[in-house]
Amino acid sequence: VVITHIYYVEMTDEILDHVDTLPSGYDLVVTTPEEERAVAIREILDRRDGGARSHEVRVVENDGRDQSAFLVGCRDILLSGKYDLVVKLHSKKTPQDGFNVGRHFKRQQFDNLLNSEGYSANLIALFQREPGLGMAYPPTIHIGYPTMGRGWWSNKPGYERIAETLGLHVPPDEISPLAPYGSMFIARPAALRLLVQHPWKYEDFGGAEAYRDGGLAHVLERVPSYAAGELGYHTRTVCTTEYLSISHTAFDYNLDQMSTTIPGDTVEQIHFLKRAGYVGSGSWRDFVNMYARLNPADRSLPRRVLRKVRTLLSGARRRVARAVRHWRHS
């Protein structure tokens, strides 16, 4: 079954083009928040000749967006025992992050999940070959987003509460969770049972103002792989060779740039930064505090970094002096 939440009706054809790369013989369920949108989506579905055996459009509440549409609006489907696999998609634009960044995020999701008929068939076959595979989804988004190293953001406390509620004992990742950022994936409904069988309600998600980091929808985005792991299922991230080359190039550049200011090889750099601790917002004060926490043996920083610290401190002194002169003059 393919379950897709469509808020932006103009993206319907684009989503269905990706869905149509799946081997034929699936059911399609579309959720949307208003009857007017549902009518427009039904018209598009009726004029298309895709590989779905059947299609249904459900009108659901929009509190929680695609997360509540999936866990509340389609809970009956996921617990029916009728399907071996579920494909979860939604109309993603991410307009708040800018056009190009949002477009890249959307492509990163769709292209790495349902890229072509051969790619999609291979992905379905992966589940056939690996009975213990619970979920597959694109890698962590990092181009255009400062996700790496802080993937939990402010969602860790919420995750810990939900994990206790659902009875999840799989240790969560320390730095960034293994999670379907963007909330699109292919999974076995059986692997999602602990997450889906919980009696979620639309009011649990709050209104539009609650859709933010730390809110239930963003917390639940980070739960599925751990819920699957609790039942003994593993997760894979999947991507095209084109995306892999782009992603690797970005990682290669980032690591090269960061390594110019941190001594040692990669493993030594990681231990160095862990000993130094979190640097906060990255201001010169955070950098000085981090440096002060280091052991004396670790303070052999490259001259370039020390020059940068001196420059920052000197600039700060000048700004303070100008502010004092301005205050005295006024």
# chains A, B, ... in the order shown; residues from 1 in each chain; ligands from 1
call {"tool": "closest_atom_pairs", "arguments": {"of": "region 161-242 of chain A", "to": "region 67-87 of chain A", "cutoff": "7 Å", "atoms": "only C-alpha atoms", "output": "Markdown table"}}
result
| residue | atom | partner | partner_atom | distance |
| --- | --- | --- | --- | --- |
| A:Phe185 | CA | A:Val87 | CA | 6.0 |
| A:Ile186 | CA | A:Val87 | CA | 4.4 |
| A:Ala187 | CA | A:Val86 | CA | 5.4 |
| A:Arg188 | CA | A:Leu85 | CA | 4.6 |
| A:Pro189 | CA | A:Leu78 | CA | 5.7 |
| A:Val196 | CA | A:Leu71 | CA | 5.9 |
| A:Trp200 | CA | A:Val72 | CA | 6.1 |
| A:Lys201 | CA | A:Val72 | CA | 6.3 |
| A:Tyr202 | CA | A:Ser68 | CA | 6.3 |
| A:Ala217 | CA | A:Gln67 | CA | 6.0 |
call {"tool": "residues_around", "arguments": {"residues": "Leu22 (chain A)", "least_positions_apart": "6", "cutoff": "7 Å", "atoms": "only C-alpha atoms", "output": "ChimeraX atom specification"}}
result
/A:117,120-121
call {"tool": "residues_around", "arguments": {"residues": "Glu36 (chain A)", "least_positions_apart": "4", "cutoff": "12 Å", "atoms": "only C-alpha atoms", "output": "compact mmCIF listing (two decimals) with N, CA and C atoms, in the first residue's frame"}}
result
# COMPACT_ATOMS: atom_id res chain seq x y z
N TYR A 7 -1.04 17.87 0.72
CA TYR A 7 -1.56 19.20 1.08
C TYR A 7 -1.50 20.11 -0.13
N TYR A 8 -0.38 20.04 -0.86
CA TYR A 8 -0.21 20.85 -2.07
C TYR A 8 -0.74 20.05 -3.26
N VAL A 9 -1.97 20.34 -3.68
CA VAL A 9 -2.62 19.57 -4.75
C VAL A 9 -1.81 19.63 -6.03
N THR A 32 -5.75 14.08 2.72
CA THR A 32 -5.69 15.52 2.48
C THR A 32 -6.60 16.21 3.50
N ALA A 40 -10.29 17.70 -6.09
CA ALA A 40 -9.28 17.95 -7.13
C ALA A 40 -8.35 16.75 -7.29
N ILE A 41 -7.98 16.13 -6.17
CA ILE A 41 -7.08 14.97 -6.22
C ILE A 41 -7.78 13.79 -6.87
N ARG A 42 -9.05 13.56 -6.56
CA ARG A 42 -9.81 12.46 -7.18
C ARG A 42 -9.88 12.64 -8.69
N GLU A 43 -10.07 13.87 -9.15
CA GLU A 43 -10.12 14.12 -10.58
C GLU A 43 -8.80 13.75 -11.25
N VAL A 57 -9.27 8.39 -1.45
CA VAL A 57 -8.87 9.69 -0.91
C VAL A 57 -9.62 9.91 0.40
N ARG A 58 -8.88 10.14 1.47
CA ARG A 58 -9.47 10.38 2.79
C ARG A 58 -9.24 11.82 3.22
N VAL A 59 -10.27 12.44 3.74
CA VAL A 59 -10.15 13.79 4.30
C VAL A 59 -9.85 13.64 5.80
call {"tool": "closest_residue", "arguments": {"among": "A:Val219, A:Ala163, A:Ile143, A:Ile246", "to": "Lys106 (chain A)", "atoms": "only C-alpha atoms"}}
result
A:Ile143
call {"tool": "closest_residue", "arguments": {"among": "A:Met11, A:Leu89, A:Thr21, A:Phe110", "to": "Arg37 (chain A)", "atoms": "only C-alpha atoms"}}
result
A:Met11
call {"tool": "decode", "arguments": {"residues": "region 197-232 of chain A", "atoms": "N, CA and C atoms", "output": "compact mmCIF listing (two decimals), in the first residue's frame"}}
result
# COMPACT_ATOMS: atom_id res chain seq x y z
N GLN A 197 0.21 1.04 16.93
CA GLN A 197 -0.88 0.57 17.77
C GLN A 197 -1.18 1.51 18.95
N HIS A 198 -0.27 2.45 19.22
CA HIS A 198 -0.55 3.43 20.27
C HIS A 198 -1.73 4.31 19.84
N PRO A 199 -2.68 4.60 20.73
CA PRO A 199 -3.88 5.35 20.34
C PRO A 199 -3.63 6.85 20.20
N TRP A 200 -2.85 7.24 19.19
CA TRP A 200 -2.62 8.65 18.94
C TRP A 200 -3.93 9.34 18.57
N LYS A 201 -4.05 10.62 18.92
CA LYS A 201 -5.21 11.42 18.56
C LYS A 201 -4.73 12.72 17.92
N TYR A 202 -5.56 13.31 17.07
CA TYR A 202 -5.17 14.55 16.39
C TYR A 202 -4.83 15.64 17.39
N GLU A 203 -5.58 15.70 18.49
CA GLU A 203 -5.33 16.77 19.46
C GLU A 203 -3.98 16.61 20.16
N ASP A 204 -3.39 15.41 20.09
CA ASP A 204 -2.06 15.22 20.67
C ASP A 204 -1.01 16.08 19.98
N PHE A 205 -1.27 16.41 18.71
CA PHE A 205 -0.26 17.09 17.89
C PHE A 205 -0.31 18.59 18.02
N GLY A 206 -1.40 19.15 18.55
CA GLY A 206 -1.51 20.60 18.65
C GLY A 206 -1.83 21.21 17.30
N GLY A 207 -1.95 22.53 17.29
CA GLY A 207 -2.26 23.23 16.05
C GLY A 207 -1.02 23.51 15.22
N ALA A 208 -1.17 24.44 14.26
CA ALA A 208 -0.06 24.76 13.36
C ALA A 208 1.16 25.27 14.12
N GLU A 209 0.92 25.96 15.24
CA GLU A 209 2.03 26.52 16.01
C GLU A 209 2.85 25.43 16.70
N ALA A 210 2.30 24.21 16.80
CA ALA A 210 3.00 23.12 17.48
C ALA A 210 3.89 22.32 16.54
N TYR A 211 3.85 22.64 15.25
CA TYR A 211 4.66 21.90 14.29
C TYR A 211 6.04 22.53 14.22
N ARG A 212 6.87 22.16 15.17
CA ARG A 212 8.21 22.72 15.29
C ARG A 212 9.07 21.70 16.01
N ASP A 213 10.39 21.96 16.06
CA ASP A 213 11.27 21.07 16.80
C ASP A 213 10.83 20.99 18.26
N GLY A 214 10.78 19.78 18.77
CA GLY A 214 10.29 19.56 20.11
C GLY A 214 8.82 19.21 20.16
N GLY A 215 8.07 19.55 19.07
CA GLY A 215 6.66 19.18 18.98
C GLY A 215 6.52 17.70 18.63
N LEU A 216 5.34 17.15 18.84
CA LEU A 216 5.14 15.71 18.68
C LEU A 216 5.46 15.24 17.27
N ALA A 217 5.07 16.00 16.25
CA ALA A 217 5.32 15.56 14.87
C ALA A 217 6.80 15.40 14.60
N HIS A 218 7.62 16.33 15.07
CA HIS A 218 9.06 16.25 14.83
C HIS A 218 9.70 15.16 15.69
N VAL A 219 9.17 14.94 16.88
CA VAL A 219 9.69 13.86 17.72
C VAL A 219 9.40 12.51 17.06
N LEU A 220 8.17 12.32 16.58
CA LEU A 220 7.79 11.05 15.97
C LEU A 220 8.58 10.75 14.70
N GLU A 221 9.08 11.79 14.05
CA GLU A 221 9.93 11.59 12.87
C GLU A 221 11.18 10.79 13.23
N ARG A 222 11.59 10.85 14.48
CA ARG A 222 12.82 10.21 14.93
C ARG A 222 12.59 8.88 15.65
N VAL A 223 11.36 8.40 15.68
CA VAL A 223 11.03 7.19 16.43
C VAL A 223 11.06 5.90 15.60
N PRO A 224 10.65 5.88 14.32
CA PRO A 224 10.37 4.61 13.63
C PRO A 224 11.47 3.56 13.67
N SER A 225 12.72 3.91 13.42
CA SER A 225 13.77 2.90 13.39
C SER A 225 14.00 2.25 14.74
N TYR A 226 13.82 3.02 15.82
CA TYR A 226 13.98 2.46 17.15
C TYR A 226 12.80 1.56 17.51
N ALA A 227 11.59 1.94 17.05
CA ALA A 227 10.42 1.10 17.27
C ALA A 227 10.57 -0.21 16.49
N ALA A 228 11.11 -0.13 15.28
CA ALA A 228 11.34 -1.34 14.50
C ALA A 228 12.44 -2.19 15.15
N GLY A 229 13.49 -1.53 15.64
CA GLY A 229 14.58 -2.25 16.28
C GLY A 229 14.15 -2.99 17.52
N GLU A 230 13.19 -2.43 18.24
CA GLU A 230 12.68 -3.10 19.45
C GLU A 230 12.05 -4.45 19.12
N LEU A 231 11.53 -4.57 17.88
CA LEU A 231 10.91 -5.83 17.45
C LEU A 231 11.88 -6.70 16.65
N GLY A 232 13.15 -6.29 16.61
CA GLY A 232 14.16 -7.12 15.95
C GLY A 232 14.40 -6.82 14.49
